[in-house]
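Pasted below: model-v5.csv, CSV, N, CA and C atoms.
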chain,number,residue,atom,x,y,z
A,357,MET,N,-9.0,2.7,-19.4
A,357,MET,CA,-10.2,2.3,-18.6
A,357,MET,C,-10.0,0.9,-18.1
A,358,ALA,N,-10.5,0.7,-16.9
A,358,ALA,CA,-10.3,-0.6,-16.2
A,358,ALA,C,-11.5,-1.6,-16.5
A,359,VAL,N,-12.3,-1.3,-17.5
A,359,VAL,CA,-13.4,-2.2,-17.8
A,359,VAL,C,-12.8,-3.4,-18.4
A,360,VAL,N,-13.2,-4.6,-17.9
A,360,VAL,CA,-12.7,-5.9,-18.4
A,360,VAL,C,-13.8,-6.5,-19.3
A,361,GLU,N,-13.7,-6.3,-20.6
A,361,GLU,CA,-14.8,-6.7,-21.5
A,361,GLU,C,-15.1,-8.2,-21.4
A,362,GLU,N,-14.1,-9.0,-21.1
A,362,GLU,CA,-14.4,-10.5,-21.0
A,362,GLU,C,-14.8,-10.9,-19.6
A,363,LEU,N,-15.0,-9.9,-18.7
A,363,LEU,CA,-15.4,-10.0,-17.3
A,363,LEU,C,-14.4,-10.5,-16.4
A,364,VAL,N,-13.5,-11.4,-16.8
A,364,VAL,CA,-12.4,-11.9,-16.0
A,364,VAL,C,-11.3,-12.4,-17.0
A,365,ARG,N,-10.0,-12.0,-16.7
A,365,ARG,CA,-8.9,-12.5,-17.5
A,365,ARG,C,-7.6,-12.6,-16.7
A,366,THR,N,-6.7,-13.4,-17.2
A,366,THR,CA,-5.4,-13.6,-16.5
A,366,THR,C,-4.4,-12.7,-17.2
A,367,GLU,N,-3.7,-11.9,-16.4
A,367,GLU,CA,-2.7,-11.0,-17.0
A,367,GLU,C,-1.3,-11.7,-17.1
A,368,GLU,N,-0.5,-11.1,-18.0
A,368,GLU,CA,0.9,-11.7,-18.2
A,368,GLU,C,1.6,-11.8,-16.8
A,369,SER,N,1.4,-10.9,-15.9
A,369,SER,CA,2.1,-10.9,-14.6
A,369,SER,C,1.6,-12.1,-13.7
A,370,GLY,N,0.5,-12.7,-14.1
A,370,GLY,CA,0.0,-13.8,-13.2
A,370,GLY,C,-1.2,-13.3,-12.4
A,371,ALA,N,-1.5,-12.0,-12.4
A,371,ALA,CA,-2.6,-11.5,-11.7
A,371,ALA,C,-3.9,-11.7,-12.5
A,372,ILE,N,-5.0,-11.4,-11.8
A,372,ILE,CA,-6.3,-11.5,-12.6
A,372,ILE,C,-6.9,-10.1,-12.6
A,373,SER,N,-7.7,-9.8,-13.7
A,373,SER,CA,-8.4,-8.6,-13.8
A,373,SER,C,-9.9,-9.0,-14.0
A,374,PHE,N,-10.8,-8.2,-13.5
A,374,PHE,CA,-12.2,-8.6,-13.6
A,374,PHE,C,-13.1,-7.3,-13.4
A,375,GLY,N,-14.3,-7.4,-13.8
A,375,GLY,CA,-15.3,-6.4,-13.5
A,375,GLY,C,-15.6,-5.5,-14.7
A,376,ASN,N,-16.9,-5.2,-14.9
A,376,ASN,CA,-17.2,-4.3,-16.0
A,376,ASN,C,-18.4,-3.4,-15.4
A,377,TYR,N,-18.0,-2.2,-14.9
A,377,TYR,CA,-19.0,-1.3,-14.3
A,377,TYR,C,-19.8,-0.6,-15.3
A,378,LYS,N,-19.6,-0.8,-16.6
A,378,LYS,CA,-20.4,-0.1,-17.6
A,378,LYS,C,-21.6,-0.9,-18.0
A,379,LEU,N,-21.7,-2.2,-17.6
A,379,LEU,CA,-22.8,-3.0,-18.0
A,379,LEU,C,-24.1,-2.6,-17.3
A,380,GLY,N,-25.2,-2.6,-18.1
A,380,GLY,CA,-26.5,-2.2,-17.6
A,380,GLY,C,-27.2,-3.4,-17.0
A,381,ALA,N,-26.9,-4.6,-17.4
A,381,ALA,CA,-27.5,-5.9,-16.9
A,381,ALA,C,-26.4,-6.8,-16.3
A,382,LYS,N,-26.8,-7.6,-15.3
A,382,LYS,CA,-25.9,-8.5,-14.7
A,382,LYS,C,-25.3,-9.5,-15.7
A,383,ALA,N,-24.0,-9.7,-15.5
A,383,ALA,CA,-23.3,-10.7,-16.3
A,383,ALA,C,-22.4,-11.5,-15.3
A,384,LYS,N,-22.1,-12.7,-15.7
A,384,LYS,CA,-21.3,-13.5,-14.8
A,384,LYS,C,-20.5,-14.5,-15.6
A,385,VAL,N,-19.3,-14.9,-15.0
A,385,VAL,CA,-18.5,-16.0,-15.5
A,385,VAL,C,-18.3,-16.9,-14.3
A,386,GLU,N,-18.5,-18.2,-14.5
A,386,GLU,CA,-18.3,-19.2,-13.4
A,386,GLU,C,-17.2,-20.2,-13.8
A,387,ASN,N,-16.6,-20.8,-12.8
A,387,ASN,CA,-15.5,-21.8,-13.1
A,387,ASN,C,-14.4,-21.3,-13.9
A,388,TYR,N,-14.0,-20.1,-13.7
A,388,TYR,CA,-12.8,-19.5,-14.4
A,388,TYR,C,-11.6,-20.0,-13.7
A,389,GLU,N,-10.7,-20.8,-14.4
A,389,GLU,CA,-9.6,-21.4,-13.7
A,389,GLU,C,-8.4,-20.5,-13.8
A,390,HIS,N,-7.7,-20.3,-12.7
A,390,HIS,CA,-6.5,-19.5,-12.6
A,390,HIS,C,-5.7,-20.0,-11.4
A,391,GLY,N,-4.4,-20.4,-11.7
A,391,GLY,CA,-3.5,-20.8,-10.6
A,391,GLY,C,-4.0,-21.9,-9.8
A,392,GLY,N,-4.8,-22.9,-10.4
A,392,GLY,CA,-5.3,-24.0,-9.7
A,392,GLY,C,-6.5,-23.7,-8.8
A,393,ASP,N,-7.0,-22.5,-8.9
A,393,ASP,CA,-8.3,-22.1,-8.2
A,393,ASP,C,-9.4,-21.8,-9.2
A,394,LEU,N,-10.6,-21.9,-8.8
A,394,LEU,CA,-11.8,-21.6,-9.6
A,394,LEU,C,-12.4,-20.3,-9.1
A,395,TYR,N,-12.6,-19.4,-10.0
A,395,TYR,CA,-13.2,-18.1,-9.7
A,395,TYR,C,-14.6,-17.9,-10.3
A,396,LYS,N,-15.4,-17.1,-9.7
A,396,LYS,CA,-16.7,-16.7,-10.2
A,396,LYS,C,-16.8,-15.2,-10.1
A,397,VAL,N,-17.2,-14.6,-11.2
A,397,VAL,CA,-17.3,-13.1,-11.2
A,397,VAL,C,-18.8,-12.8,-11.6
A,398,LYS,N,-19.4,-11.9,-10.8
A,398,LYS,CA,-20.6,-11.3,-11.2
A,398,LYS,C,-20.4,-9.8,-11.3
A,399,THR,N,-20.9,-9.1,-12.3
A,399,THR,CA,-20.6,-7.7,-12.4
A,399,THR,C,-21.6,-7.0,-13.3
A,400,TYR,N,-21.9,-5.8,-12.9
A,400,TYR,CA,-22.6,-4.8,-13.7
A,400,TYR,C,-22.5,-3.4,-13.0
A,401,LYS,N,-23.2,-2.4,-13.5
A,401,LYS,CA,-23.0,-1.1,-12.9
A,401,LYS,C,-23.3,-1.0,-11.4
A,402,GLU,N,-24.1,-1.8,-10.9
A,402,GLU,CA,-24.5,-1.7,-9.4
A,402,GLU,C,-23.6,-2.5,-8.5
A,403,LEU,N,-22.9,-3.5,-9.0
A,403,LEU,CA,-22.1,-4.5,-8.2
A,403,LEU,C,-21.1,-5.2,-8.9
A,404,THR,N,-19.9,-5.4,-8.3
A,404,THR,CA,-18.9,-6.4,-8.8
A,404,THR,C,-18.5,-7.3,-7.7
A,405,LYS,N,-18.6,-8.6,-8.0
A,405,LYS,CA,-18.3,-9.6,-6.9
A,405,LYS,C,-17.4,-10.7,-7.5
A,406,LEU,N,-16.4,-11.1,-6.6
A,406,LEU,CA,-15.4,-12.1,-7.0
A,406,LEU,C,-15.5,-13.2,-5.9
A,407,GLU,N,-15.6,-14.4,-6.3
A,407,GLU,CA,-15.5,-15.5,-5.4
A,407,GLU,C,-14.3,-16.4,-5.8
A,408,LYS,N,-13.6,-17.0,-4.9
A,408,LYS,CA,-12.5,-17.9,-5.2
A,408,LYS,C,-12.7,-19.2,-4.5
A,409,ASN,N,-12.9,-20.3,-5.2
A,409,ASN,CA,-13.2,-21.6,-4.7
A,409,ASN,C,-14.4,-21.5,-3.8
A,410,GLY,N,-15.4,-20.8,-4.2
A,410,GLY,CA,-16.7,-20.7,-3.5
A,410,GLY,C,-16.7,-19.8,-2.3
A,411,MET,N,-15.5,-19.1,-2.0
A,411,MET,CA,-15.4,-18.3,-0.9
A,411,MET,C,-15.3,-16.8,-1.3
A,412,PHE,N,-15.8,-15.9,-0.5
A,412,PHE,CA,-15.8,-14.5,-0.8
A,412,PHE,C,-14.4,-13.9,-0.9
A,413,ALA,N,-14.2,-13.1,-2.0
A,413,ALA,CA,-12.9,-12.5,-2.2
A,413,ALA,C,-12.9,-11.0,-2.3
A,414,TYR,N,-14.0,-10.5,-3.1
A,414,TYR,CA,-14.0,-9.1,-3.3
A,414,TYR,C,-15.5,-8.7,-3.7
A,415,GLU,N,-15.9,-7.5,-3.2
A,415,GLU,CA,-17.2,-7.0,-3.6
A,415,GLU,C,-17.1,-5.5,-3.6
A,416,SER,N,-17.8,-4.9,-4.6
A,416,SER,CA,-17.9,-3.4,-4.6
A,416,SER,C,-19.3,-3.0,-5.0
A,417,GLN,N,-19.7,-1.9,-4.3
A,417,GLN,CA,-21.0,-1.3,-4.6
A,417,GLN,C,-20.7,0.2,-4.8
A,418,PRO,N,-21.0,0.8,-5.9
A,418,PRO,CA,-21.5,0.1,-7.2
A,418,PRO,C,-20.4,-0.7,-7.8
A,419,GLY,N,-20.6,-1.1,-9.0
A,419,GLY,CA,-19.7,-2.0,-9.7
A,419,GLY,C,-18.4,-1.2,-10.0
A,420,THR,N,-17.3,-2.0,-10.1
A,420,THR,CA,-16.0,-1.5,-10.4
A,420,THR,C,-15.3,-2.3,-11.5
A,421,GLY,N,-14.2,-1.8,-12.0
A,421,GLY,CA,-13.3,-2.6,-12.8
A,421,GLY,C,-12.0,-2.7,-12.0
A,422,VAL,N,-11.5,-4.0,-11.9
A,422,VAL,CA,-10.4,-4.3,-11.1
A,422,VAL,C,-9.2,-4.9,-11.9
A,423,LEU,N,-8.1,-4.2,-11.9
A,423,LEU,CA,-6.9,-4.7,-12.6
A,423,LEU,C,-5.9,-5.2,-11.7
A,424,ASP,N,-5.1,-6.3,-12.1
A,424,ASP,CA,-4.0,-6.8,-11.4
A,424,ASP,C,-4.2,-7.1,-10.0
A,425,PHE,N,-5.3,-7.9,-9.7
A,425,PHE,CA,-5.7,-8.4,-8.4
A,425,PHE,C,-4.8,-9.5,-8.0
A,426,VAL,N,-4.1,-9.3,-6.9
A,426,VAL,CA,-3.1,-10.3,-6.5
A,426,VAL,C,-3.3,-10.6,-5.0
A,427,GLU,N,-3.6,-11.8,-4.6
A,427,GLU,CA,-3.7,-12.2,-3.2
A,427,GLU,C,-2.4,-12.9,-2.8
A,428,THR,N,-1.9,-12.6,-1.6
A,428,THR,CA,-0.8,-13.2,-1.0
A,428,THR,C,-1.1,-13.7,0.4
A,429,GLU,N,-0.2,-14.3,1.0
A,429,GLU,CA,-0.4,-14.8,2.4
A,429,GLU,C,-0.6,-13.5,3.3
A,430,ASP,N,0.0,-12.4,2.9
A,430,ASP,CA,-0.1,-11.2,3.8
A,430,ASP,C,-1.1,-10.2,3.4
A,431,GLY,N,-1.9,-10.4,2.3
A,431,GLY,CA,-2.9,-9.4,1.9
A,431,GLY,C,-3.2,-9.4,0.5
A,432,VAL,N,-3.6,-8.3,-0.1
A,432,VAL,CA,-4.1,-8.2,-1.4
A,432,VAL,C,-3.7,-6.8,-2.0
A,433,THR,N,-3.4,-6.8,-3.3
A,433,THR,CA,-3.2,-5.5,-4.0
A,433,THR,C,-4.0,-5.6,-5.3
A,434,PHE,N,-4.4,-4.4,-5.8
A,434,PHE,CA,-5.2,-4.3,-7.0
A,434,PHE,C,-5.3,-2.8,-7.4
A,435,THR,N,-5.7,-2.6,-8.6
A,435,THR,CA,-6.0,-1.2,-9.1
A,435,THR,C,-7.5,-1.2,-9.4
A,436,VAL,N,-8.2,-0.2,-9.0
A,436,VAL,CA,-9.6,-0.1,-9.2
A,436,VAL,C,-10.1,1.2,-9.9
A,437,GLU,N,-11.2,1.1,-10.6
A,437,GLU,CA,-11.7,2.2,-11.3
A,437,GLU,C,-13.2,2.1,-11.4
A,438,ALA,N,-13.9,3.3,-11.3
A,438,ALA,CA,-15.4,3.3,-11.5
A,438,ALA,C,-15.8,4.7,-11.8
A,439,ASP,N,-17.1,4.8,-12.2
A,439,ASP,CA,-17.6,6.2,-12.5
A,439,ASP,C,-18.1,6.9,-11.2
A,440,GLU,N,-18.3,6.1,-10.1
A,440,GLU,CA,-18.8,6.7,-8.9
A,440,GLU,C,-17.9,6.2,-7.7
A,441,ASP,N,-18.0,6.9,-6.6
A,441,ASP,CA,-17.3,6.5,-5.4
A,441,ASP,C,-17.8,5.1,-5.0
A,442,ALA,N,-17.0,4.2,-4.4
A,442,ALA,CA,-17.4,2.8,-4.2
A,442,ALA,C,-17.0,2.4,-2.8
A,443,GLN,N,-17.9,1.5,-2.2
A,443,GLN,CA,-17.6,0.8,-1.0
A,443,GLN,C,-17.0,-0.6,-1.4
A,444,ILE,N,-15.8,-0.9,-1.0
A,444,ILE,CA,-15.1,-2.1,-1.4
A,444,ILE,C,-14.9,-3.0,-0.2
A,445,THR,N,-15.2,-4.2,-0.3
A,445,THR,CA,-15.0,-5.2,0.7
A,445,THR,C,-14.1,-6.3,0.2
A,446,VAL,N,-13.1,-6.7,0.9
A,446,VAL,CA,-12.2,-7.8,0.5
A,446,VAL,C,-12.2,-8.9,1.6
A,447,GLY,N,-12.0,-10.1,1.2
A,447,GLY,CA,-12.0,-11.2,2.1
A,447,GLY,C,-10.5,-11.5,2.5
A,448,LEU,N,-10.2,-11.5,3.8
A,448,LEU,CA,-8.9,-11.7,4.3
A,448,LEU,C,-8.9,-12.6,5.5
A,449,LYS,N,-7.9,-12.7,6.3
A,449,LYS,CA,-7.9,-13.5,7.5
A,449,LYS,C,-8.8,-12.8,8.6
A,450,GLU,N,-9.5,-13.6,9.3
A,450,GLU,CA,-10.4,-13.1,10.3
A,450,GLU,C,-9.6,-12.5,11.5
A,451,ASP,N,-10.2,-11.4,12.1
A,451,ASP,CA,-9.7,-10.8,13.3
A,451,ASP,C,-8.2,-10.5,13.2
A,452,THR,N,-7.8,-9.9,12.1
A,452,THR,CA,-6.4,-9.5,11.8
A,452,THR,C,-6.3,-8.1,11.4
A,453,GLU,N,-5.2,-7.4,11.9
A,453,GLU,CA,-5.0,-6.0,11.5
A,453,GLU,C,-4.2,-5.9,10.2
A,454,TYR,N,-4.6,-5.0,9.4
A,454,TYR,CA,-4.0,-4.7,8.1
A,454,TYR,C,-3.7,-3.2,7.9
A,455,ASP,N,-2.6,-2.9,7.3
A,455,ASP,CA,-2.2,-1.6,6.9
A,455,ASP,C,-2.8,-1.3,5.5
A,456,VAL,N,-3.6,-0.2,5.3
A,456,VAL,CA,-4.3,0.0,4.1
A,456,VAL,C,-3.7,1.3,3.4
A,457,THR,N,-3.4,1.1,2.1
A,457,THR,CA,-2.8,2.2,1.3
A,457,THR,C,-3.7,2.4,0.1
A,458,VAL,N,-4.2,3.6,-0.1
A,458,VAL,CA,-5.1,3.9,-1.2
A,458,VAL,C,-4.4,5.1,-2.0
A,459,ASP,N,-4.1,4.9,-3.3
A,459,ASP,CA,-3.5,5.9,-4.1
A,459,ASP,C,-2.2,6.4,-3.5
A,460,ASN,N,-1.4,5.5,-3.0
A,460,ASN,CA,-0.1,5.8,-2.4
A,460,ASN,C,-0.2,6.6,-1.1
A,461,VAL,N,-1.3,6.6,-0.5
A,461,VAL,CA,-1.5,7.3,0.8
A,461,VAL,C,-1.9,6.2,1.9
A,462,ASN,N,-1.2,6.1,2.9
A,462,ASN,CA,-1.5,5.2,4.0
A,462,ASN,C,-2.7,5.8,4.7
A,463,ILE,N,-3.9,5.1,4.7
A,463,ILE,CA,-5.1,5.6,5.4
A,463,ILE,C,-5.2,4.9,6.7
A,464,GLY,N,-4.2,4.1,7.2
A,464,GLY,CA,-4.3,3.6,8.5
A,464,GLY,C,-4.4,2.1,8.6
A,465,THR,N,-4.5,1.7,9.9
A,465,THR,CA,-4.6,0.2,10.2
A,465,THR,C,-6.1,-0.1,10.4
A,466,MET,N,-6.5,-1.2,9.8
A,466,MET,CA,-7.9,-1.6,10.0
A,466,MET,C,-7.9,-3.1,10.3
A,467,LYS,N,-8.9,-3.5,11.1
A,467,LYS,CA,-9.0,-4.9,11.5
A,467,LYS,C,-10.2,-5.5,10.9
A,468,THR,N,-10.0,-6.8,10.4
A,468,THR,CA,-11.0,-7.5,9.8
A,468,THR,C,-12.0,-8.0,10.9
A,469,ASN,N,-13.2,-8.3,10.5
A,469,ASN,CA,-14.2,-8.8,11.4
A,469,ASN,C,-14.0,-10.3,11.6
A,470,LEU,N,-14.9,-10.9,12.3
A,470,LEU,CA,-14.8,-12.4,12.5
A,470,LEU,C,-15.0,-13.2,11.3
A,471,SER,N,-15.5,-12.7,10.2
A,471,SER,CA,-15.6,-13.4,9.0
A,471,SER,C,-14.5,-13.0,8.0
A,472,GLY,N,-13.6,-12.2,8.4
A,472,GLY,CA,-12.4,-11.9,7.7
A,472,GLY,C,-12.6,-10.8,6.6
A,473,LYS,N,-13.7,-10.1,6.7
A,473,LYS,CA,-14.0,-9.0,5.8
A,473,LYS,C,-13.5,-7.7,6.2
A,474,LEU,N,-12.9,-6.9,5.3
A,474,LEU,CA,-12.4,-5.6,5.5
A,474,LEU,C,-13.1,-4.7,4.5
A,475,SER,N,-13.7,-3.6,4.9
A,475,SER,CA,-14.4,-2.7,4.0
A,475,SER,C,-13.7,-1.3,4.0
A,476,ILE,N,-13.6,-0.7,2.8
A,476,ILE,CA,-13.1,0.7,2.7
A,476,ILE,C,-13.9,1.4,1.6
A,477,SER,N,-14.0,2.7,1.8
A,477,SER,CA,-14.7,3.6,0.8
A,477,SER,C,-13.6,4.3,0.0
A,478,ILE,N,-13.8,4.3,-1.3
A,478,ILE,CA,-12.8,4.9,-2.1
A,478,ILE,C,-13.5,5.9,-3.0
A,479,GLU,N,-12.9,7.2,-3.1
A,479,GLU,CA,-13.4,8.2,-4.0
A,479,GLU,C,-12.9,7.9,-5.4
A,480,LEU,N,-13.8,7.4,-6.2
A,480,LEU,CA,-13.4,7.0,-7.6
A,480,LEU,C,-14.0,7.9,-8.7
A,481,ALA,N,-15.0,8.7,-8.4
A,481,ALA,CA,-15.6,9.5,-9.4
A,481,ALA,C,-14.6,10.5,-10.0
A,482,ASN,N,-14.3,10.4,-11.3
A,482,ASN,CA,-13.4,11.3,-12.0
A,482,ASN,C,-11.9,11.1,-11.5
A,483,ALA,N,-11.6,10.0,-10.9
A,483,ALA,CA,-10.3,9.8,-10.3
A,483,ALA,C,-9.4,9.0,-11.2
A,484,GLY,N,-9.9,8.2,-12.2
A,484,GLY,CA,-9.1,7.3,-13.0
A,484,GLY,C,-8.8,6.1,-12.2
A,485,GLU,N,-7.7,5.5,-12.4
A,485,GLU,CA,-7.4,4.2,-11.7
A,485,GLU,C,-6.7,4.5,-10.4
A,486,ILE,N,-7.1,3.8,-9.4
A,486,ILE,CA,-6.6,4.0,-8.0
A,486,ILE,C,-6.0,2.7,-7.5
A,487,ALA,N,-4.7,2.8,-7.1
A,487,ALA,CA,-4.0,1.6,-6.5
A,487,ALA,C,-4.4,1.4,-5.1
A,488,VAL,N,-4.7,0.1,-4.7
A,488,VAL,CA,-5.0,-0.2,-3.4
A,488,VAL,C,-4.1,-1.4,-2.9
A,489,LYS,N,-3.6,-1.2,-1.7
A,489,LYS,CA,-2.7,-2.2,-1.1
A,489,LYS,C,-3.1,-2.4,0.3
A,490,ILE,N,-3.4,-3.7,0.6
A,490,ILE,CA,-3.8,-4.1,2.0
A,490,ILE,C,-2.9,-5.2,2.4
A,491,VAL,N,-2.0,-4.9,3.4
A,491,VAL,CA,-1.0,-5.8,3.9
A,491,VAL,C,-1.1,-6.0,5.4
A,492,LYS,N,-1.0,-7.3,5.8
A,492,LYS,CA,-1.0,-7.6,7.2
A,492,LYS,C,0.0,-6.8,8.0
A,493,ASN,N,-0.5,-6.3,9.1
A,493,ASN,CA,0.3,-5.5,10.0
A,493,ASN,C,1.3,-6.3,10.8
A,494,GLY,N,2.6,-5.9,10.7
A,494,GLY,CA,3.6,-6.7,11.5
A,494,GLY,C,4.1,-7.8,10.8

In structure tokens, write the structure found in this file.
Amino acid sequence: MAVVEELVRTEESGAISFGNYKLGAKAKVENYEHGGDLYKVKTYKELTKLEKNGMFAYESQPGTGVLDFVETEDGVTFTVEADEDAQITVGLKEDTEYDVTVDNVNIGTMKTNLSGKLSISIELANAGEIAVKIVKNG
């Protein structure tokens, strides 16, 4: 299960994991230091949100558990799990095209909006953990 009991943690690989979609009430961790950055996590069954240095990084509705979240210059990769299908939005570079792969299936090229957000819907109900890879096109 991808529930992160401590709400956010650093993995041995250097990635972070966050989110607990089993919580009935909102919970948060602020000023979590990782790799010289400060993270804030808010999570419960209806929403999971991650901010990095006060900027939007990830949001899901309903809440999700996210493992091995890694941001690079070219995109983001993570594994996600939840009890229900979810709408996931990630913060990337504005007005940029990205190739999106979900569960090892390329679902196409998507372009971020002017605020750098890219949204995808993922069928998570009874699916277990699903790998997501979003990489800058070209």

Grab the atom N of Asn387 of chain A to atom CA of Gly472 of chain A distance for me, in Å with one decimal place. 22.7 Å

Name the residues in contact with segment 370-377 of chain A at a cut-off of 7 Å, using all atoms listed in the file, excluding same-chain residues fewer than 4 positions from it; report them as a PDB file with N, CA and C atoms, in the frame of the given file.
ATOM      1  N   ALA A 358     -10.500   0.700 -16.900  1.00  0.00           N
ATOM      2  CA  ALA A 358     -10.300  -0.600 -16.200  1.00  0.00           C
ATOM      3  C   ALA A 358     -11.500  -1.600 -16.500  1.00  0.00           C
ATOM      4  N   VAL A 359     -12.300  -1.300 -17.500  1.00  0.00           N
ATOM      5  CA  VAL A 359     -13.400  -2.200 -17.800  1.00  0.00           C
ATOM      6  C   VAL A 359     -12.800  -3.400 -18.400  1.00  0.00           C
ATOM      7  N   VAL A 360     -13.200  -4.600 -17.900  1.00  0.00           N
ATOM      8  CA  VAL A 360     -12.700  -5.900 -18.400  1.00  0.00           C
ATOM      9  C   VAL A 360     -13.800  -6.500 -19.300  1.00  0.00           C
ATOM     10  N   GLU A 361     -13.700  -6.300 -20.600  1.00  0.00           N
ATOM     11  CA  GLU A 361     -14.800  -6.700 -21.500  1.00  0.00           C
ATOM     12  C   GLU A 361     -15.100  -8.200 -21.400  1.00  0.00           C
ATOM     13  N   GLU A 362     -14.100  -9.000 -21.100  1.00  0.00           N
ATOM     14  CA  GLU A 362     -14.400 -10.500 -21.000  1.00  0.00           C
ATOM     15  C   GLU A 362     -14.800 -10.900 -19.600  1.00  0.00           C
ATOM     16  N   LEU A 363     -15.000  -9.900 -18.700  1.00  0.00           N
ATOM     17  CA  LEU A 363     -15.400 -10.000 -17.300  1.00  0.00           C
ATOM     18  C   LEU A 363     -14.400 -10.500 -16.400  1.00  0.00           C
ATOM     19  N   VAL A 364     -13.500 -11.400 -16.800  1.00  0.00           N
ATOM     20  CA  VAL A 364     -12.400 -11.900 -16.000  1.00  0.00           C
ATOM     21  C   VAL A 364     -11.300 -12.400 -17.000  1.00  0.00           C
ATOM     22  N   ARG A 365     -10.000 -12.000 -16.700  1.00  0.00           N
ATOM     23  CA  ARG A 365      -8.900 -12.500 -17.500  1.00  0.00           C
ATOM     24  C   ARG A 365      -7.600 -12.600 -16.700  1.00  0.00           C
ATOM     25  N   THR A 366      -6.700 -13.400 -17.200  1.00  0.00           N
ATOM     26  CA  THR A 366      -5.400 -13.600 -16.500  1.00  0.00           C
ATOM     27  C   THR A 366      -4.400 -12.700 -17.200  1.00  0.00           C
ATOM     28  N   VAL A 397     -17.200 -14.600 -11.200  1.00  0.00           N
ATOM     29  CA  VAL A 397     -17.300 -13.100 -11.200  1.00  0.00           C
ATOM     30  C   VAL A 397     -18.800 -12.800 -11.600  1.00  0.00           C
ATOM     31  N   LYS A 398     -19.400 -11.900 -10.800  1.00  0.00           N
ATOM     32  CA  LYS A 398     -20.600 -11.300 -11.200  1.00  0.00           C
ATOM     33  C   LYS A 398     -20.400  -9.800 -11.300  1.00  0.00           C
ATOM     34  N   THR A 399     -20.900  -9.100 -12.300  1.00  0.00           N
ATOM     35  CA  THR A 399     -20.600  -7.700 -12.400  1.00  0.00           C
ATOM     36  C   THR A 399     -21.600  -7.000 -13.300  1.00  0.00           C
ATOM     37  N   TYR A 400     -21.900  -5.800 -12.900  1.00  0.00           N
ATOM     38  CA  TYR A 400     -22.600  -4.800 -13.700  1.00  0.00           C
ATOM     39  C   TYR A 400     -22.500  -3.400 -13.000  1.00  0.00           C
ATOM     40  N   LYS A 401     -23.200  -2.400 -13.500  1.00  0.00           N
ATOM     41  CA  LYS A 401     -23.000  -1.100 -12.900  1.00  0.00           C
ATOM     42  C   LYS A 401     -23.300  -1.000 -11.400  1.00  0.00           C
ATOM     43  N   GLU A 402     -24.100  -1.800 -10.900  1.00  0.00           N
ATOM     44  CA  GLU A 402     -24.500  -1.700  -9.400  1.00  0.00           C
ATOM     45  C   GLU A 402     -23.600  -2.500  -8.500  1.00  0.00           C
ATOM     46  N   LEU A 403     -22.900  -3.500  -9.000  1.00  0.00           N
ATOM     47  CA  LEU A 403     -22.100  -4.500  -8.200  1.00  0.00           C
ATOM     48  C   LEU A 403     -21.100  -5.200  -8.900  1.00  0.00           C
ATOM     49  N   THR A 404     -19.900  -5.400  -8.300  1.00  0.00           N
ATOM     50  CA  THR A 404     -18.900  -6.400  -8.800  1.00  0.00           C
ATOM     51  C   THR A 404     -18.500  -7.300  -7.700  1.00  0.00           C
ATOM     52  N   LYS A 405     -18.600  -8.600  -8.000  1.00  0.00           N
ATOM     53  CA  LYS A 405     -18.300  -9.600  -6.900  1.00  0.00           C
ATOM     54  C   LYS A 405     -17.400 -10.700  -7.500  1.00  0.00           C
ATOM     55  N   PRO A 418     -21.000   0.800  -5.900  1.00  0.00           N
ATOM     56  CA  PRO A 418     -21.500   0.100  -7.200  1.00  0.00           C
ATOM     57  C   PRO A 418     -20.400  -0.700  -7.800  1.00  0.00           C
ATOM     58  N   GLY A 419     -20.600  -1.100  -9.000  1.00  0.00           N
ATOM     59  CA  GLY A 419     -19.700  -2.000  -9.700  1.00  0.00           C
ATOM     60  C   GLY A 419     -18.400  -1.200 -10.000  1.00  0.00           C
ATOM     61  N   THR A 420     -17.300  -2.000 -10.100  1.00  0.00           N
ATOM     62  CA  THR A 420     -16.000  -1.500 -10.400  1.00  0.00           C
ATOM     63  C   THR A 420     -15.300  -2.300 -11.500  1.00  0.00           C
ATOM     64  N   GLY A 421     -14.200  -1.800 -12.000  1.00  0.00           N
ATOM     65  CA  GLY A 421     -13.300  -2.600 -12.800  1.00  0.00           C
ATOM     66  C   GLY A 421     -12.000  -2.700 -12.000  1.00  0.00           C
ATOM     67  N   VAL A 422     -11.500  -4.000 -11.900  1.00  0.00           N
ATOM     68  CA  VAL A 422     -10.400  -4.300 -11.100  1.00  0.00           C
ATOM     69  C   VAL A 422      -9.200  -4.900 -11.900  1.00  0.00           C
ATOM     70  N   LEU A 423      -8.100  -4.200 -11.900  1.00  0.00           N
ATOM     71  CA  LEU A 423      -6.900  -4.700 -12.600  1.00  0.00           C
ATOM     72  C   LEU A 423      -5.900  -5.200 -11.700  1.00  0.00           C
ATOM     73  N   ASP A 424      -5.100  -6.300 -12.100  1.00  0.00           N
ATOM     74  CA  ASP A 424      -4.000  -6.800 -11.400  1.00  0.00           C
ATOM     75  C   ASP A 424      -4.200  -7.100 -10.000  1.00  0.00           C
ATOM     76  N   PHE A 425      -5.300  -7.900  -9.700  1.00  0.00           N
ATOM     77  CA  PHE A 425      -5.700  -8.400  -8.400  1.00  0.00           C
ATOM     78  C   PHE A 425      -4.800  -9.500  -8.000  1.00  0.00           C
ATOM     79  N   VAL A 426      -4.100  -9.300  -6.900  1.00  0.00           N
ATOM     80  CA  VAL A 426      -3.100 -10.300  -6.500  1.00  0.00           C
ATOM     81  C   VAL A 426      -3.300 -10.600  -5.000  1.00  0.00           C
ATOM     82  N   ALA A 438     -13.900   3.300 -11.300  1.00  0.00           N
ATOM     83  CA  ALA A 438     -15.400   3.300 -11.500  1.00  0.00           C
ATOM     84  C   ALA A 438     -15.800   4.700 -11.800  1.00  0.00           C
ATOM     85  N   ASP A 439     -17.100   4.800 -12.200  1.00  0.00           N
ATOM     86  CA  ASP A 439     -17.600   6.200 -12.500  1.00  0.00           C
ATOM     87  C   ASP A 439     -18.100   6.900 -11.200  1.00  0.00           C
TER      88      ASP A 439
END

From a DSSP calculation on the backbone, collect every residue of chain A in strand (DSSP E or B) and output the set as an NGL selection string. :A and (364-366 or 372-374 or 383-390 or 393-400 or 403-408 or 411-417 or 421-428 or 431-437 or 442-447 or 453-458 or 461-467 or 473-478 or 486-492)
